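A.B. asks: Here you go, one structure.
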Amino acid sequence: MTLVPAVPAARDLSVRANPREVRKTVLSILYRGKASHLGPSMSVVEMLIAMYSSVDLDLIRAKDPLRPRIIISKGHCAAATYSVMAHVGLLPWPLLETYHQDGSTLAGHVSHGVEYVEHSTGALGHGLSVACGCAIGLRARGAGQASVLVLLGDGEIQEGSVWEALMFARHHRLTSLIPLIDNNRISSITTTSDVIDMRPLKDRFAGFGFQVYEVDGHDVEAIMQAIATIRQRAEMGVVICHTVKGRGVPFAECAPIWHYRSLSDKDYQAALAALGQEAGR
């Protein structure tokens, strides 16, 4: 059995996190912790790298009251969130290796009990409202330019509270708020369109007064460029990231069962082998 360590031999924080290496970390901690949510973690890796690469991490480390905020409304992608945080230096590697294990603070959903996590999001549909509150609060403190980035799942946005928050944000012109949608088109047990068909998704957001940017959700540069454009134009903007659930692990891609299934020894080895070839994909 080959067990790839979650901790890299060295990590140069001046170099942007590599998606393939982050995915190896996700696999490692999911396998060690006998945890689920492989599919929804793999789809957001590039989104998370882009989000954390688009803000001033020094302000976050300093816990500056006027720091930018990153809200992970899709809380069940905790394995990917914590892995990216470790790769950018916001979470200690030894702690990461305790993911989903007895006594660990790193549970299967994102928790504000973990340093530098802004809000607990085990229940879906609430993160955007919290992000609106962050944007309002920063504006009241004279820091209305501080970005508030919030990651939402495309199944999650079927919650009515999400659209109430969008109406609120549009009414108050919260231009610092940038929602990013993980549009992998797979819910927890079936396709999102089978639950509530929201296509064409772009028109839904446009109808609420948002400029919509559609990008390849596995292209870090494209996501960062969309964020930068929204900031530069100071507009109400949303980024729809077209992603593949289970990205990088062929047997898990677009397969709803890998929302909940945990990795066996054989699965883990096969997933690692696939990631070893992903660079030429």
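How things are named: the first chain in the structure tokens is A, the next is B, and so on; residues count from 1 in each chain; ligands count from 1 in the order shown.
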Please provide as number ranges by chain all residues within 6 Å of region 209-222 of chain A, with the sequence filter that same-chain residues fewer than 6 positions apart are discarded (counting only C-alpha atoms).
C.D. replies: A: 46, 50, 236-243
A.B. asks: Save the residues we just selected, C-alpha atoms, as a short mmCIF file (atom, residue, chain, number, x, y, z; two decimals), in the first residue's frame?
C.D. replies:
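File part_27.cif, as written:
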data_model
loop_
_atom_site.label_atom_id
_atom_site.label_comp_id
_atom_site.auth_asym_id
_atom_site.auth_seq_id
_atom_site.Cartn_x
_atom_site.Cartn_y
_atom_site.Cartn_z
CA GLU A 46 -9.24 25.46 -8.80
CA ALA A 50 -8.25 31.24 -7.32
CA MET A 236 -22.64 43.48 -9.21
CA GLY A 237 -21.08 40.36 -10.64
CA VAL A 238 -21.28 36.60 -10.25
CA VAL A 239 -18.89 33.96 -11.60
CA ILE A 240 -20.43 30.71 -12.84
CA CYS A 241 -17.66 28.12 -12.84
CA HIS A 242 -18.40 25.14 -15.06
CA THR A 243 -16.81 22.18 -13.29
#
A.B. asks: Looking only at the backbone, which of the residues in region 3-230 of chain A does DSSP tag as strand (DSSP E or B), as a PyMOL selection string?
C.D. replies: chain A and resi 69-72+148-153+177-183+186+191+211-216
A.B. asks: Might you pull out every residue within 7 Å of His126 (chain A), with only C-alpha atoms counted and same-chain residues fewer than 4 positions away left off, and present them as number ranges by chain?
C.D. replies: A: 73, 130, 161
A.B. asks: How would the residues just chosen look if you wrote them out with C-alpha atoms as a JSON list (two decimals), in the first residue's frame?
C.D. replies:
[["chain", "number", "residue", "atom", "x", "y", "z"],
["A", 73, "SER", "CA", -21.16, 28.36, 1.69],
["A", 130, "VAL", "CA", -23.49, 35.79, 5.96],
["A", 161, "SER", "CA", -32.54, 32.04, 1.02]]
A.B. asks: For Ser53 (chain A), list every protein, DNA or RNA residue within 10 Å, evaluated using only C-alpha atoms, and leave out those in the same chain fewer than 3 positions away; present the list as a PyMOL selection string.
C.D. replies: chain A and resi 16-17+47-50+56-57+88+220-221+224
A.B. asks: Write down as JSON, numbers by chain the residues of region 30-66 of chain A whose backbone DSSP state falls under helix (DSSP H, G or I).
C.D. replies: {"A": [30, 31, 32, 33, 38, 39, 40, 41, 42, 45, 46, 47, 48, 49, 50, 51, 52, 53, 57, 58, 59, 60, 61]}
A.B. asks: Quick one: of A:Ser43, A:Asn183, A:Asn18, A:Thr81, who's nearest to Ala252 (chain A), counting only C-alpha atoms?
C.D. replies: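 Result for the nearest residue to Ala252 (chain A): A:Ser43.
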A.B. asks: Do a neighbour search on Ala86 (chain A) at 12 Å with only C-alpha atoms, toss out local chain neighbours closer than 2 positions, and write the hits as JSON, numbers by chain.
C.D. replies: {"A": [6, 7, 8, 10, 11, 12, 13, 17, 21, 22, 25, 26, 29, 48, 49, 52, 79, 80, 81, 82, 83, 84, 88, 89, 90, 91, 92, 93, 94, 95, 96, 97, 99, 114, 115, 116]}
A.B. asks: Got a sec: who's within 12 Å of Leu152 (chain A), counting only C-alpha atoms, leaving out chain neighbours fewer than 6 positions off, as number ranges by chain?
C.D. replies: A: 40, 43-44, 47-48, 70-77, 121, 123-129, 131, 158-159, 162, 178-184, 238-241
A.B. asks: Please produce a file of those selected residues containing N, CA and C atoms, as a compact mmCIF listing (two decimals), in the first residue's frame.
C.D. replies:
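The result, written out as result33.txt:
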# COMPACT_ATOMS: atom_id res chain seq x y z
N PRO A 40 -17.63 16.44 -4.48
CA PRO A 40 -17.76 17.89 -4.32
C PRO A 40 -16.48 18.58 -3.89
N SER A 43 -14.29 19.04 -7.35
CA SER A 43 -14.79 20.00 -8.34
C SER A 43 -14.38 21.43 -8.03
N VAL A 44 -14.05 21.73 -6.78
CA VAL A 44 -13.82 23.14 -6.39
C VAL A 44 -12.36 23.49 -6.18
N MET A 47 -11.26 26.58 -8.02
CA MET A 47 -12.02 27.72 -7.51
C MET A 47 -11.41 28.22 -6.21
N LEU A 48 -11.10 27.31 -5.31
CA LEU A 48 -10.53 27.69 -4.02
C LEU A 48 -9.14 28.30 -4.18
N ILE A 70 -13.43 35.27 2.92
CA ILE A 70 -13.75 34.13 2.07
C ILE A 70 -14.74 33.26 2.83
N ILE A 71 -15.92 33.09 2.25
CA ILE A 71 -16.98 32.30 2.86
C ILE A 71 -17.22 31.06 1.99
N ILE A 72 -17.15 29.90 2.61
CA ILE A 72 -17.38 28.65 1.89
C ILE A 72 -18.81 28.20 2.21
N SER A 73 -19.77 28.69 1.41
CA SER A 73 -21.16 28.36 1.69
C SER A 73 -21.42 26.88 1.43
N LYS A 74 -20.75 26.31 0.45
CA LYS A 74 -20.83 24.87 0.17
C LYS A 74 -19.91 24.16 1.16
N GLY A 75 -20.41 24.02 2.39
CA GLY A 75 -19.54 23.59 3.48
C GLY A 75 -19.04 22.17 3.41
N HIS A 76 -19.68 21.34 2.57
CA HIS A 76 -19.26 19.93 2.52
C HIS A 76 -18.01 19.72 1.65
N CYS A 77 -17.44 20.80 1.11
CA CYS A 77 -16.15 20.66 0.42
C CYS A 77 -15.02 20.99 1.40
N THR A 121 -20.44 26.27 7.93
CA THR A 121 -21.46 26.11 6.89
C THR A 121 -21.81 24.65 6.66
N ALA A 123 -24.93 23.55 7.21
CA ALA A 123 -26.23 23.66 6.56
C ALA A 123 -26.10 24.54 5.33
N LEU A 124 -26.67 24.07 4.23
CA LEU A 124 -26.53 24.80 2.97
C LEU A 124 -27.53 25.96 2.88
N GLY A 125 -27.18 26.94 2.05
CA GLY A 125 -28.08 28.04 1.77
C GLY A 125 -27.91 29.26 2.64
N HIS A 126 -26.95 29.24 3.58
CA HIS A 126 -26.81 30.35 4.51
C HIS A 126 -25.58 31.22 4.25
N GLY A 127 -24.59 30.68 3.56
CA GLY A 127 -23.32 31.39 3.42
C GLY A 127 -23.41 32.71 2.71
N LEU A 128 -24.28 32.81 1.70
CA LEU A 128 -24.39 34.07 0.96
C LEU A 128 -24.97 35.17 1.84
N SER A 129 -25.93 34.82 2.69
CA SER A 129 -26.49 35.82 3.61
C SER A 129 -25.42 36.32 4.57
N ALA A 131 -22.23 36.36 3.96
CA ALA A 131 -21.32 37.17 3.15
C ALA A 131 -21.88 38.57 2.93
N GLN A 158 -30.53 26.15 -5.07
CA GLN A 158 -31.96 25.88 -5.15
C GLN A 158 -32.68 26.32 -3.87
N GLU A 159 -31.90 26.69 -2.85
CA GLU A 159 -32.47 27.21 -1.61
C GLU A 159 -32.97 28.64 -1.82
N VAL A 162 -30.90 31.86 -0.76
CA VAL A 162 -29.84 32.35 -1.63
C VAL A 162 -30.35 33.53 -2.46
N ILE A 178 -18.70 38.95 -4.20
CA ILE A 178 -18.59 38.21 -5.45
C ILE A 178 -18.93 36.74 -5.20
N PRO A 179 -20.14 36.30 -5.60
CA PRO A 179 -20.47 34.89 -5.50
C PRO A 179 -19.83 34.09 -6.64
N LEU A 180 -19.30 32.93 -6.31
CA LEU A 180 -18.76 32.01 -7.31
C LEU A 180 -19.53 30.70 -7.20
N ILE A 181 -20.07 30.24 -8.32
CA ILE A 181 -20.95 29.07 -8.33
C ILE A 181 -20.21 27.86 -8.88
N ASP A 182 -20.17 26.80 -8.09
CA ASP A 182 -19.60 25.52 -8.54
C ASP A 182 -20.68 24.79 -9.33
N ASN A 183 -20.68 25.00 -10.63
CA ASN A 183 -21.72 24.45 -11.50
C ASN A 183 -21.29 23.09 -12.05
N ASN A 184 -21.31 22.08 -11.16
CA ASN A 184 -20.91 20.73 -11.59
C ASN A 184 -22.10 19.89 -12.03
N VAL A 238 -21.32 37.97 -10.73
CA VAL A 238 -21.28 36.60 -10.25
C VAL A 238 -20.47 35.78 -11.25
N VAL A 239 -19.72 34.81 -10.74
CA VAL A 239 -18.89 33.96 -11.60
C VAL A 239 -19.45 32.54 -11.57
N ILE A 240 -19.96 32.09 -12.71
CA ILE A 240 -20.43 30.71 -12.84
C ILE A 240 -19.25 29.88 -13.34
N CYS A 241 -18.80 28.96 -12.51
CA CYS A 241 -17.66 28.12 -12.84
C CYS A 241 -18.15 26.74 -13.28
A.B. asks: Could you check the closest approach to Gly207 (chain A) for each of A:Ile230, A:Met167, A:Leu177, A:Leu149 and tell me which residue wins, using only C-alpha atoms?
C.D. replies: A:Met167
A.B. asks: Report, in Å to a single decimal, how far apart CA of Gln232 (chain A) and CA of Gly133 (chain A) are.
C.D. replies: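 Calculated distance between CA of Gly133 (chain A) and CA of Gln232 (chain A) is 21.9 Å.
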A.B. asks: Determine, counting only C-alpha atoms, which protein, DNA and RNA residues have an atom within 10 Å of an atom of Gly33 (chain A); residues of the same chain fewer than 6 positions away are not included. Present the result as a ChimeraX atom specification.
C.D. replies: /A:27,97-102,107-108,262-263
A.B. asks: Please report the interatomic distance between CA of Leu174 (chain A) and CA of Ser187 (chain A) in Å with one decimal.
C.D. replies: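 These atoms are spaced 28.8 Å apart.
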A.B. asks: Counting only C-alpha atoms, figure out which residue out of A:Ile257, A:Lys202, A:Lys63, A:Gly122 gets nearest to Val110 (chain A).
C.D. replies: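 That would be A:Gly122, the residue with the smallest distance to Val110 (chain A).
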A.B. asks: Would you work out the distance separating CA of Arg20 (chain A) from CA of Val249 (chain A), expressed in Å to one decimal?
C.D. replies: 10.9 Å
